[in-house]
$ cat run.csv   # CSV, C-alpha atoms and all ligand atoms
chain,number,residue,atom,x,y,z
A,4,MET,CA,24.5,3.2,17.4
A,5,GLY,CA,26.3,-0.1,18.0
A,6,SER,CA,29.4,-0.8,16.1
A,7,SER,CA,29.2,-3.3,13.3
A,8,ASP,CA,31.1,-6.0,15.1
A,9,GLU,CA,28.4,-6.4,17.7
A,10,GLN,CA,24.8,-7.5,17.5
A,11,PRO,CA,22.4,-4.6,17.0
A,12,PHE,CA,20.4,-3.9,20.2
A,13,ILE,CA,16.6,-3.5,19.9
A,14,LEU,CA,14.3,-2.2,22.5
A,15,ILE,CA,10.7,-3.4,22.3
A,16,ALA,CA,8.2,-1.1,24.0
A,17,GLU,CA,5.0,-3.2,24.2
A,18,ASP,CA,2.7,-3.8,27.1
A,19,GLU,CA,1.0,-7.0,25.7
A,20,PRO,CA,3.3,-9.7,27.0
A,21,ASN,CA,2.4,-12.3,24.3
A,22,ILE,CA,3.3,-9.9,21.5
A,23,ALA,CA,6.5,-8.7,23.3
A,24,SER,CA,7.7,-12.2,23.9
A,25,PHE,CA,6.8,-13.3,20.4
A,26,ALA,CA,8.7,-10.4,18.8
A,27,LYS,CA,11.7,-10.9,21.2
A,28,MET,CA,11.9,-14.6,20.4
A,29,TYR,CA,12.1,-14.0,16.7
A,30,LEU,CA,14.4,-11.0,16.8
A,31,GLU,CA,16.8,-12.9,19.1
A,32,ALA,CA,16.7,-15.9,16.7
A,33,ALA,CA,17.6,-13.5,13.9
A,34,GLY,CA,20.7,-12.4,15.8
A,35,PHE,CA,19.6,-9.3,17.6
A,36,ARG,CA,20.0,-8.4,21.3
A,37,VAL,CA,16.6,-7.5,22.7
A,38,ASP,CA,15.2,-5.8,25.8
A,39,VAL,CA,11.5,-5.2,26.6
A,40,ALA,CA,9.8,-2.2,28.3
A,41,ASP,CA,6.1,-2.6,29.1
A,42,ARG,CA,5.5,1.1,29.7
A,43,GLY,CA,6.3,4.3,27.7
A,44,ASP,CA,8.1,6.0,30.5
A,45,THR,CA,10.2,2.9,31.2
A,46,ALA,CA,11.1,2.8,27.5
A,47,LEU,CA,12.3,6.4,27.6
A,48,GLU,CA,14.4,5.6,30.6
A,49,LYS,CA,15.9,2.6,28.9
A,50,ILE,CA,16.6,4.6,25.7
A,51,ASP,CA,18.5,7.2,27.8
A,52,ALA,CA,20.5,4.5,29.7
A,53,ASP,CA,21.1,1.8,27.1
A,54,LYS,CA,21.1,3.7,23.7
A,55,PRO,CA,19.4,1.0,21.6
A,56,ASP,CA,20.0,0.8,17.9
A,57,LEU,CA,16.3,0.6,17.1
A,58,LEU,CA,13.0,1.0,19.0
A,59,LEU,CA,10.1,-1.3,18.2
A,60,LEU,CA,7.3,0.8,19.6
A,61,ASP,CA,3.7,-0.1,20.4
A,62,LEU,CA,1.6,3.1,20.1
A,63,ASN,CA,-1.0,2.3,22.8
A,64,LEU,CA,1.3,2.1,25.9
A,65,PRO,CA,0.6,2.8,29.5
A,66,GLY,CA,2.5,5.7,31.2
A,67,VAL,CA,3.5,7.6,28.1
A,68,ASP,CA,2.0,6.6,24.8
A,69,GLY,CA,3.9,5.7,21.7
A,70,PHE,CA,3.2,9.0,19.9
A,71,GLU,CA,4.5,11.0,22.9
A,72,VAL,CA,7.6,8.7,23.1
A,73,THR,CA,8.3,9.4,19.4
A,74,ARG,CA,7.8,13.1,19.9
A,75,ARG,CA,10.1,13.3,22.8
A,76,ILE,CA,12.9,11.3,21.1
A,77,ARG,CA,12.7,13.5,17.9
A,78,GLN,CA,12.3,16.8,19.8
A,79,GLY,CA,15.5,15.9,21.8
A,80,GLY,CA,17.3,15.5,18.5
A,81,GLY,CA,17.5,11.7,18.7
A,82,SER,CA,17.8,10.0,15.3
A,83,MET,CA,17.4,6.4,16.6
A,84,PRO,CA,15.3,4.4,14.1
A,85,ILE,CA,11.7,3.9,15.3
A,86,LEU,CA,9.5,1.1,13.9
A,87,MET,CA,5.9,1.4,15.1
A,88,LEU,CA,3.7,-1.5,16.0
A,89,THR,CA,0.2,-0.5,14.9
A,90,ALA,CA,-3.2,-2.0,15.0
A,91,ARG,CA,-4.8,-3.0,11.7
A,92,ASP,CA,-8.0,-1.2,12.5
A,93,GLU,CA,-6.4,2.1,13.2
A,94,PRO,CA,-4.9,3.3,9.9
A,95,VAL,CA,-4.7,6.9,11.0
A,96,ASP,CA,-2.2,5.9,13.7
A,97,LYS,CA,0.4,5.1,11.0
A,98,VAL,CA,0.1,8.5,9.4
A,99,VAL,CA,0.3,10.4,12.7
A,100,GLY,CA,3.3,8.3,13.8
A,101,LEU,CA,5.2,8.8,10.5
A,102,GLU,CA,4.5,12.5,10.7
A,103,LEU,CA,5.9,12.6,14.2
A,104,GLY,CA,9.1,11.0,12.9
A,105,ALA,CA,8.8,7.2,13.1
A,106,ASP,CA,10.7,5.5,10.3
A,107,ASP,CA,8.2,2.7,9.4
A,108,TYR,CA,5.5,0.5,10.9
A,109,VAL,CA,4.5,-3.1,11.2
A,110,THR,CA,0.8,-3.9,11.6
A,111,LYS,CA,-0.3,-6.3,14.3
A,112,PRO,CA,-0.7,-9.2,14.1
A,113,PHE,CA,2.5,-9.5,12.2
A,114,ASP,CA,4.3,-12.3,10.4
A,115,PRO,CA,7.6,-12.7,12.2
A,116,ARG,CA,9.5,-12.8,8.9
A,117,GLU,CA,8.0,-9.5,8.0
A,118,LEU,CA,9.0,-8.0,11.4
A,119,VAL,CA,12.6,-9.2,10.9
A,120,ALA,CA,12.7,-7.9,7.3
A,121,ARG,CA,11.4,-4.5,8.4
A,122,VAL,CA,13.9,-4.2,11.3
A,123,ARG,CA,16.8,-5.1,9.0
A,124,ALA,CA,15.6,-2.6,6.3
A,125,VAL,CA,15.3,0.2,8.8
A,126,LEU,CA,18.7,-0.6,10.4
A,127,ARG,CA,20.3,-0.8,7.0
A,128,ARG,CA,19.0,2.6,6.0
A,129,SER,CA,20.1,4.3,9.3
A,130,ASN,CA,23.5,2.6,9.6
A,131,GLY,CA,26.2,5.0,8.2
A,132,GLN,CA,24.7,8.1,6.7
A,133,ALA,CA,27.2,7.8,3.8
A,134,ASP,CA,25.5,4.6,2.7
A,135,GLN,CA,22.3,6.5,2.2
A,136,VAL,CA,23.7,8.6,-0.6
A,137,ASP,CA,24.0,7.3,-4.1
A,138,PRO,CA,27.8,7.5,-4.8
A,139,ASP,CA,27.0,8.9,-8.2
A,140,MET,CA,25.0,11.7,-6.7
A,141,PRO,CA,26.5,15.2,-7.4
A,142,PRO,CA,27.5,17.1,-4.2
A,143,VAL,CA,24.9,19.8,-4.7
A,144,LEU,CA,21.4,19.5,-6.3
A,145,GLU,CA,19.5,22.6,-7.2
A,146,VAL,CA,16.0,23.3,-8.4
A,147,ASP,CA,15.2,27.1,-8.5
A,148,ASP,CA,15.5,28.3,-4.9
A,149,LEU,CA,16.0,24.9,-3.5
A,150,ARG,CA,19.5,23.7,-2.8
A,151,ILE,CA,20.4,20.2,-1.5
A,152,GLU,CA,23.9,19.8,0.0
A,153,VAL,CA,24.3,16.0,-0.4
A,154,GLY,CA,27.4,15.5,1.8
A,155,PRO,CA,26.3,17.3,4.9
A,156,ARG,CA,22.6,16.3,4.1
A,157,GLU,CA,21.4,19.9,4.4
A,158,VAL,CA,18.5,21.5,2.5
A,159,TYR,CA,18.1,25.3,1.9
A,160,VAL,CA,15.3,27.4,0.4
A,161,GLY,CA,17.2,30.5,-0.5
A,162,ASP,CA,19.4,31.1,2.5
A,163,THR,CA,17.2,29.4,5.0
A,164,GLU,CA,18.0,25.9,6.1
A,165,VAL,CA,15.0,23.5,6.4
A,166,ALA,CA,15.3,20.6,8.8
A,167,LEU,CA,14.2,17.3,7.2
A,168,THR,CA,14.1,13.8,8.6
A,169,PRO,CA,16.6,11.3,7.1
A,170,LYS,CA,13.8,9.7,5.0
A,171,GLU,CA,12.4,13.1,3.8
A,172,PHE,CA,15.9,14.1,2.7
A,173,ASP,CA,16.5,10.8,0.9
A,174,LEU,CA,13.2,11.0,-0.9
A,175,LEU,CA,13.7,14.6,-2.0
A,176,ALA,CA,17.3,14.0,-3.1
A,177,THR,CA,16.3,10.8,-5.0
A,178,LEU,CA,13.5,12.6,-6.9
A,179,VAL,CA,15.6,15.7,-7.7
A,180,GLN,CA,18.5,13.5,-8.9
A,181,ALA,CA,16.1,11.6,-11.2
A,182,ARG,CA,14.5,14.8,-12.5
A,183,GLY,CA,12.5,14.4,-15.6
A,184,LEU,CA,11.6,10.8,-14.7
A,185,VAL,CA,8.5,9.6,-13.0
A,186,LEU,CA,9.3,7.2,-10.1
A,187,SER,CA,6.6,4.9,-8.9
A,188,ARG,CA,5.9,4.5,-5.2
A,189,GLU,CA,7.4,1.0,-5.5
A,190,GLN,CA,10.6,2.4,-7.0
A,191,LEU,CA,10.8,5.0,-4.3
A,192,LEU,CA,10.2,2.5,-1.5
A,193,GLU,CA,13.0,0.3,-2.9
A,194,ARG,CA,15.4,3.2,-3.3
A,195,VAL,CA,14.7,5.1,-0.1
A,196,TRP,CA,13.4,2.4,2.3
A,197,GLY,CA,15.3,-0.5,0.8
A,198,TYR,CA,12.6,-3.0,0.2
A,199,THR,CA,9.8,-3.6,-2.3
A,200,PHE,CA,7.7,-6.6,-1.4
A,201,LEU,CA,6.4,-5.1,1.9
A,202,GLY,CA,5.8,-1.7,0.3
A,203,ASP,CA,2.9,0.4,1.4
A,204,SER,CA,2.4,3.5,-0.8
A,205,ARG,CA,0.9,5.4,2.1
A,206,THR,CA,4.4,5.8,3.5
A,207,ILE,CA,5.6,7.6,0.4
A,208,ASP,CA,2.5,9.8,0.3
A,209,VAL,CA,2.9,10.9,4.0
A,210,HIS,CA,6.6,11.8,3.4
A,211,VAL,CA,5.7,13.8,0.2
A,212,ARG,CA,3.0,15.7,2.1
A,213,GLN,CA,5.6,16.5,4.9
A,214,LEU,CA,8.1,17.8,2.3
A,215,ARG,CA,5.4,20.0,0.7
A,216,ARG,CA,4.5,21.4,4.1
A,217,LYS,CA,8.1,22.1,5.1
A,218,LEU,CA,9.4,23.4,1.7
A,219,GLY,CA,6.2,25.3,0.6
A,220,ASP,CA,6.3,26.6,-2.9
A,221,ALA,CA,10.0,25.5,-3.2
A,222,CYS,CA,9.0,21.9,-3.1
A,223,PRO,CA,9.6,20.6,-6.7
A,224,ILE,CA,7.8,17.3,-6.3
A,225,GLU,CA,4.8,16.8,-8.6
A,226,THR,CA,2.2,14.1,-8.3
A,227,VAL,CA,1.7,12.0,-11.4
A,228,TRP,CA,-1.7,10.6,-11.0
A,229,GLY,CA,-1.9,6.8,-11.1
A,230,THR,CA,1.8,6.5,-11.5
A,231,GLY,CA,4.0,8.2,-8.8
A,232,TYR,CA,6.0,11.3,-8.4
A,233,LYS,CA,8.5,13.4,-10.3
A,234,VAL,CA,10.5,16.6,-10.4
A,235,ALA,CA,10.1,18.3,-13.7
A,236,ALA,CA,13.1,18.2,-16.1
A,237,ARG,CA,15.4,21.3,-16.4
A,238,ARG,CA,14.1,23.6,-19.1
A,301,CA,CA,-0.6,-1.8,23.8
$ encode --input "run.csv" --output "structure tokens"
Amino acid sequence: MGSSDEQPFILIAEDEPNIASFAKMYLEAAGFRVDVADRGDTALEKIDADKPDLLLLDLNLPGVDGFEVTRRIRQGGGSMPILMLTARDEPVDKVVGLELGADDYVTKPFDPRELVARVRAVLRRSNGQADQVDPDMPPVLEVDDLRIEVGPREVYVGDTEVALTPKEFDLLATLVQARGLVLSREQLLERVWGYTFLGDSRTIDVHVRQLRRKLGDACPIETVWGTGYKVAARR
């Protein structure tokens, strides 16, 4: 991660030259340093060598596709933010990509202002883990067998630690801290992702599904139909 006194460095992995140069132009105008890779394998090499602050990733890439790029980064323990570029007519791609560990997505063709806003939001969320935690949040949150250690960002079911992505952790901690209250998808997008106007409720639903899968019966998140999600109040 680049230090705050230098411009964030973004790697664009995109094989369509027009889209790559369009994105590069706008991101540079917004103050970012930008490099482009036109193949997935080249992108992985550049990530290793140059340690970008954020990856803007087309999913349909020659060499190694975007799903596989995401999988390799996350399997290697890399936490670099990944913003996917997805085609409008392939909605399932977004879900698969988010489940593999991408942070967010932008649908092509994109409005350059939307692209810059999403890049900034993802960087803001990933810069400095301390910023992600509400300063008023208690150090430990507990619901039955589930224990959330807020400082080290660790989650346990009984004595077993469960590995969560940063967004899964923030979403879970936010809902548990607000227990008893129903939070709408828009409120969750604002609190956890840091924006509202670009919100897509699908992002929240995918992350809740992942939390339920990882935590099993210990997942305290309840769906409130037509409204959002909640964790039941302490009885
Ligand atoms: Ca492509």
$ atom_distance --input "run.csv" --atom1 "CA of Val209 (chain A)" --atom2 "CA of Lys97 (chain A)"
9.4 Å
$ closest_residue --input "run.csv" --among "A:Gly69, A:Gly197, A:Gly183, A:Pro55" --to "Asp41 (chain A)" --atoms "all atoms listed in the file"
A:Gly69
$ residues_near_ligand --input "run.csv" --ligand "ligand CA 301 (chain A)" --cutoff "6 Å" --atoms "all atoms listed in the file" --output "PyMOL selection string"
chain A and resi 17-19+61+63-64
$ write_last_selection --input "run.csv" --atoms "C-alpha atoms" --output "PDB file, in the frame of the given file"
ATOM      1  CA  GLU A  17       5.000  -3.200  24.200  1.00  0.00           C
ATOM      2  CA  ASP A  18       2.700  -3.800  27.100  1.00  0.00           C
ATOM      3  CA  GLU A  19       1.000  -7.000  25.700  1.00  0.00           C
ATOM      4  CA  ASP A  61       3.700  -0.100  20.400  1.00  0.00           C
ATOM      5  CA  ASN A  63      -1.000   2.300  22.800  1.00  0.00           C
ATOM      6  CA  LEU A  64       1.300   2.100  25.900  1.00  0.00           C
TER       7      LEU A  64
END
$ atom_distance --input "run.csv" --atom1 "CA of Trp228 (chain A)" --atom2 "CA of Leu192 (chain A)"
17.2 Å
$ closest_residue --input "run.csv" --among "A:Val99, A:Arg116, A:Ala181, A:Val109" --to "Pro141 (chain A)" --atoms "only C-alpha atoms"
A:Ala181
$ closest_residue --input "run.csv" --among "A:Arg127, A:Val146, A:Ile50, A:Ile224" --to "Arg237 (chain A)" --atoms "only C-alpha atoms"
A:Val146
$ closest_residue --input "run.csv" --among "A:Val125, A:Ala32, A:Val165, A:Leu101" --to "Arg77 (chain A)" --atoms "all atoms listed in the file"
A:Leu101
$ closest_residue --input "run.csv" --among "A:Lys170, A:Arg128, A:Arg182, A:His210" --to "Glu145 (chain A)" --atoms "all atoms listed in the file"
A:Arg182
$ atom_distance --input "run.csv" --atom1 "CA of Ile22 (chain A)" --atom2 "CA of Val98 (chain A)"
22.3 Å
$ closest_residue --input "run.csv" --among "A:Thr206, A:Ala46, A:Ala221, A:Asp147" --to "Gly100 (chain A)" --atoms "only C-alpha atoms"
A:Thr206
$ decode --input "run.csv" --residues "region 162-198 of chain A" --atoms "N, CA and C atoms" --output "compact mmCIF listing (two decimals), in the first residue's frame"
# COMPACT_ATOMS: atom_id res chain seq x y z
N ASP A 162 -14.31 -21.76 19.93
CA ASP A 162 -12.86 -21.52 19.95
C ASP A 162 -12.24 -21.48 18.56
N THR A 163 -13.07 -21.63 17.54
CA THR A 163 -12.55 -21.74 16.18
C THR A 163 -12.59 -20.39 15.48
N GLU A 164 -11.42 -19.95 15.00
CA GLU A 164 -11.40 -18.70 14.25
C GLU A 164 -11.94 -18.92 12.84
N VAL A 165 -12.73 -17.98 12.36
CA VAL A 165 -13.29 -18.05 11.01
C VAL A 165 -12.70 -16.90 10.20
N ALA A 166 -12.10 -17.21 9.04
CA ALA A 166 -11.47 -16.18 8.21
C ALA A 166 -12.53 -15.45 7.39
N LEU A 167 -12.61 -14.14 7.57
CA LEU A 167 -13.54 -13.32 6.81
C LEU A 167 -12.77 -12.31 5.97
N THR A 168 -13.35 -11.91 4.85
CA THR A 168 -12.76 -10.81 4.09
C THR A 168 -13.02 -9.50 4.86
N PRO A 169 -12.27 -8.44 4.54
CA PRO A 169 -12.49 -7.17 5.26
C PRO A 169 -13.95 -6.69 5.19
N LYS A 170 -14.57 -6.82 4.04
CA LYS A 170 -15.96 -6.37 3.91
C LYS A 170 -16.91 -7.25 4.71
N GLU A 171 -16.69 -8.54 4.72
CA GLU A 171 -17.54 -9.44 5.51
C GLU A 171 -17.42 -9.08 6.99
N PHE A 172 -16.18 -8.83 7.41
CA PHE A 172 -15.98 -8.46 8.82
C PHE A 172 -16.73 -7.17 9.16
N ASP A 173 -16.55 -6.15 8.33
CA ASP A 173 -17.18 -4.86 8.61
C ASP A 173 -18.70 -4.96 8.62
N LEU A 174 -19.24 -5.73 7.68
CA LEU A 174 -20.69 -5.90 7.60
C LEU A 174 -21.21 -6.60 8.86
N LEU A 175 -20.56 -7.67 9.26
CA LEU A 175 -20.97 -8.42 10.46
C LEU A 175 -20.87 -7.54 11.70
N ALA A 176 -19.73 -6.87 11.87
CA ALA A 176 -19.53 -6.04 13.07
C ALA A 176 -20.55 -4.90 13.11
N THR A 177 -20.83 -4.31 11.96
CA THR A 177 -21.78 -3.20 11.90
C THR A 177 -23.18 -3.66 12.32
N LEU A 178 -23.60 -4.83 11.83
CA LEU A 178 -24.93 -5.32 12.17
C LEU A 178 -25.01 -5.76 13.63
N VAL A 179 -23.95 -6.39 14.13
CA VAL A 179 -23.99 -6.84 15.53
C VAL A 179 -23.98 -5.64 16.46
N GLN A 180 -23.17 -4.63 16.11
CA GLN A 180 -23.14 -3.45 16.98
C GLN A 180 -24.50 -2.76 17.03
N ALA A 181 -25.21 -2.81 15.91
CA ALA A 181 -26.52 -2.14 15.84
C ALA A 181 -27.65 -3.07 16.26
N ARG A 182 -27.34 -4.12 16.98
CA ARG A 182 -28.35 -5.17 17.22
C ARG A 182 -29.65 -4.61 17.77
N GLY A 183 -30.73 -5.20 17.27
CA GLY A 183 -32.05 -4.70 17.61
C GLY A 183 -32.61 -3.74 16.57
N LEU A 184 -31.69 -3.17 15.75
CA LEU A 184 -32.12 -2.23 14.71
C LEU A 184 -32.08 -2.92 13.34
N VAL A 185 -33.05 -2.60 12.50
CA VAL A 185 -33.00 -3.06 11.12
C VAL A 185 -32.20 -2.02 10.32
N LEU A 186 -31.18 -2.48 9.59
CA LEU A 186 -30.43 -1.57 8.72
C LEU A 186 -30.79 -1.89 7.27
N SER A 187 -31.13 -0.86 6.52
CA SER A 187 -31.46 -1.07 5.10
C SER A 187 -30.18 -1.35 4.32
N ARG A 188 -30.35 -1.90 3.13
CA ARG A 188 -29.17 -2.14 2.28
C ARG A 188 -28.43 -0.83 1.99
N GLU A 189 -29.18 0.25 1.83
CA GLU A 189 -28.55 1.54 1.55
C GLU A 189 -27.72 2.00 2.75
N GLN A 190 -28.26 1.81 3.95
CA GLN A 190 -27.49 2.20 5.15
C GLN A 190 -26.24 1.35 5.28
N LEU A 191 -26.36 0.06 4.95
CA LEU A 191 -25.19 -0.82 5.05
C LEU A 191 -24.15 -0.45 4.00
N LEU A 192 -24.61 -0.11 2.79
CA LEU A 192 -23.66 0.32 1.75
C LEU A 192 -22.90 1.56 2.22
N GLU A 193 -23.64 2.49 2.82
CA GLU A 193 -23.00 3.73 3.25
C GLU A 193 -22.00 3.47 4.38
N ARG A 194 -22.40 2.65 5.35
CA ARG A 194 -21.52 2.43 6.50
C ARG A 194 -20.33 1.55 6.18
N VAL A 195 -20.54 0.53 5.36
CA VAL A 195 -19.48 -0.45 5.13
C VAL A 195 -18.69 -0.15 3.86
N TRP A 196 -19.37 0.32 2.82
CA TRP A 196 -18.68 0.59 1.55
C TRP A 196 -18.36 2.07 1.38
N GLY A 197 -19.03 2.91 2.11
CA GLY A 197 -18.68 4.31 2.07
C GLY A 197 -19.32 5.11 0.94
N TYR A 198 -20.43 4.65 0.41
CA TYR A 198 -21.16 5.48 -0.56
C TYR A 198 -22.62 5.06 -0.57
